[in-house]
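Have a look at the structure below, then the notes.
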Amino acid sequence: MVITQKIEFTSKKQLDFTDITDAVRDTVRESGAKGGMVVVFSQHTTMGVVINHHEPMLLQDMTHVLQRLVPVDAQYAHDVFELRSTRTPSDGRSNGHSHCKAMLLGGDVTIPLADGELLLGERQSILAVDLDGPRTRDIIIHIVSV
Amino acid sequence: MVITQKIEFTSKKQLDFTDITDAVRDTVRESGAKGGMVVVFSQHTTMGVVINHHEPMLLQDMTHVLQRLVPVDAQYAHDVFELRSTRTPSDGRSNGHSHCKAMLLGGDVTIPLADGELLLGERQSILAVDLDGPRTRDIIIHIVSV
Amino acid sequence: MVITQKIEFTSKKQLDFTDITDAVRDTVRESGAKGGMVVVFSQHTTMGVVINHHEPMLLQDMTHVLQRLVPVDAQYAHDVFELRSTRTPSDGRSNGHSHCKAMLLGGDVTIPLADGELLLGERQSILAVDLDGPRTRDIIIHIVSV
């Protein structure tokens with residue numbers, strides 16, 4: 001059985017963590033799926049997905065780490081629209097840094113599913129990481145049960 | 001068929017790689033699973049999982065890279081317990097850096113399974129990366145065969 | 001149903017992105033698989049896989065980010081062959097940096113499959129990232145449909 005659900009949320013800051021754990025859990029419970037795996041998948045190129053502790057000061061720390069490793073205020077060739085060979089419609093944001101952060105974080109997590117429950121640890125939350133917010137975003141919850 | 005196995009090990013250093021390849025292979029063989037995939041999943045927020053070459057000098061290099069990118073001796077708001085709004089019981093470790101490293105590495109890998117064998121490359125090992133050791137840890141091996 | 005396909009390509013630079021989206025899509029279509037997931041898996045320890053926007057200037061930016069975070073011209077113990085305890089045959093490349101970059105990027109992505117289509121976003125491409133090129137490389141496309 002394969003169930004795909006898209007959920008929507010709005011990020012509030014440029015770099016913003018949204019806890020989607022409850023939404024994923026609800027989707028799994030409503031699906032009735034018992035065993036298999038759940039893929040949480042970002043269809044955006046400037047949004048990552050991570051699993052970690054949802055503790056506000058920690059998310060602030062991680063924001064600082066990401067901004068230090070891939071600074072917003074450095075120069076990115078992606079942001080020089082005149083240089084780009086692909087002329088995809090752009091909303092004019094300078095978001096080269098956001099894409100690079102997204103590649104470091106990754107945009108998919110695969111979570112084991114057994115006895116109808118996600119096998120998350122006690123302090124684990126599923127966090128969508130908008131790296132180019134604020135925006136309205138969606139994310140895919142894809143359940144494969146066997 | 002879904003088989004979930006938890007294996008336990010003890011890390012010996014603050015940042016420590018444990019090779020769990022044989023444990024994963026044994027679990028797969030005992031399961032009798034032939035085709036599908038295997039998720040190796042960390043339920044801890046300060047432990048990652050990577051697949052790479054198990055060569056001791058390389059693991060030392062990667063330790064240096066991680067310590068340089070996310071220094072142990074920087075300041076992390078997560079470690080100022082008075083500032084934290086969530087009062088989860090803490091063992092008093094200053095491990096903000098460990099969580100940030102875990103988010104960079106990721107805590108799940110999905111490995112193809114065919115003809116009863118993990119499709120790992122010749123020099124690939126599955127490494128659990130404790131970022132807040134030494135500790136006794138466990139990790140989930142989740143086999144989904146179809 | 002499980003289908004495993006290996007595709008081959010040649011990277012042209014030391015750090016080189018190869019777009020394998022079409023190859024993955026073709027493999028999925030030829031398989032006839034309808035629902036499940038697709039794992040794109042690197043069997044190499046100096047090659048990663050990411051999903052992001054295939055825009056040449058952006059890939060140049062990401063190259064700079066990776067070279068800054070894990071410089072080619074730093075010292076890596078892995079490259080001092082005399083120090084290594086494991087005497088795997090080496091082609092003599094100094095590629096400690098390549099392995100470290102591969103661990104940061106990760107070498108597997110799991111993509112939802114529904115109605116016979118990969119659920120990729122409009123601007124998402126699947127990119128194999130050779131971190132020790134140029135080389136002839138292969139990558140595994142592993143389809144699990146239920």
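Starting from 1 in every chain, residues are counted up; chains themselves are A, B, ... following the order of the structure tokens, and ligands are numbered from 1 as listed.
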- Message: For the structure I just gave you, how does DSSP split range 45-87 of chain A - specifically, which residues are alpha helix (DSSP H)? Reply as a list in words.
- Response: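 Selecting the alpha helix (DSSP H) positions of range 45-87 of chain A gives Pro56, Met57, Leu58, Leu59, Gln60, Asp61, Met62, Thr63, His64, Val65, Leu66, Gln67, Arg68 and Leu69 of chain A.
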- Find the residues of chain C in contact range of chain A, meaning any atom within 7 Å when counting only C-alpha atoms, and list them as a count of residues only. 20
- Which of chain C fall in strand (DSSP E or B), as a PyMOL selection string: chain C and resi 2-10+16-19+36-41+47-52+108-114+117-118+125-130+136-145
- Query: Do you know which residues are at most 9 Å from Glu8 in chain A counting only C-alpha atoms, after dropping those on the same chain fewer than 2 positions away, and could you put them as a PyMOL selection string?
  - Reply: chain A and resi 6+10+136-139
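In this structure, CA of Leu127 in chain C sits 24.0 Å away from CA of Glu82 in chain A.
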- Message: Show me, as a list in words, the residues that have an atom within 8 Å of Ile126 in chain A when counting only C-alpha atoms, minus same-chain residues fewer than 5 positions from it.
- Response: Asp19, Ile20, Thr21, Val49, Val50, Ile51 and Asn52 of chain A
- Shell of 9 Å around Asp115 in chain A, only C-alpha atoms, local chain residues under 3 positions omitted, as a VMD selection string: chain A and resid 33 to 35 118
- So how far away is CA of Leu15 in chain B from CA of Asp132 in chain B, in Å? 6.3 Å
- Near Arg135 in chain B, counting only C-alpha atoms, which residues have an atom at most 10 Å away, once you skip same-chain residues fewer than 5 positions from it, shown as an NGL selection string? :B and (9-14 or 16 or 130)
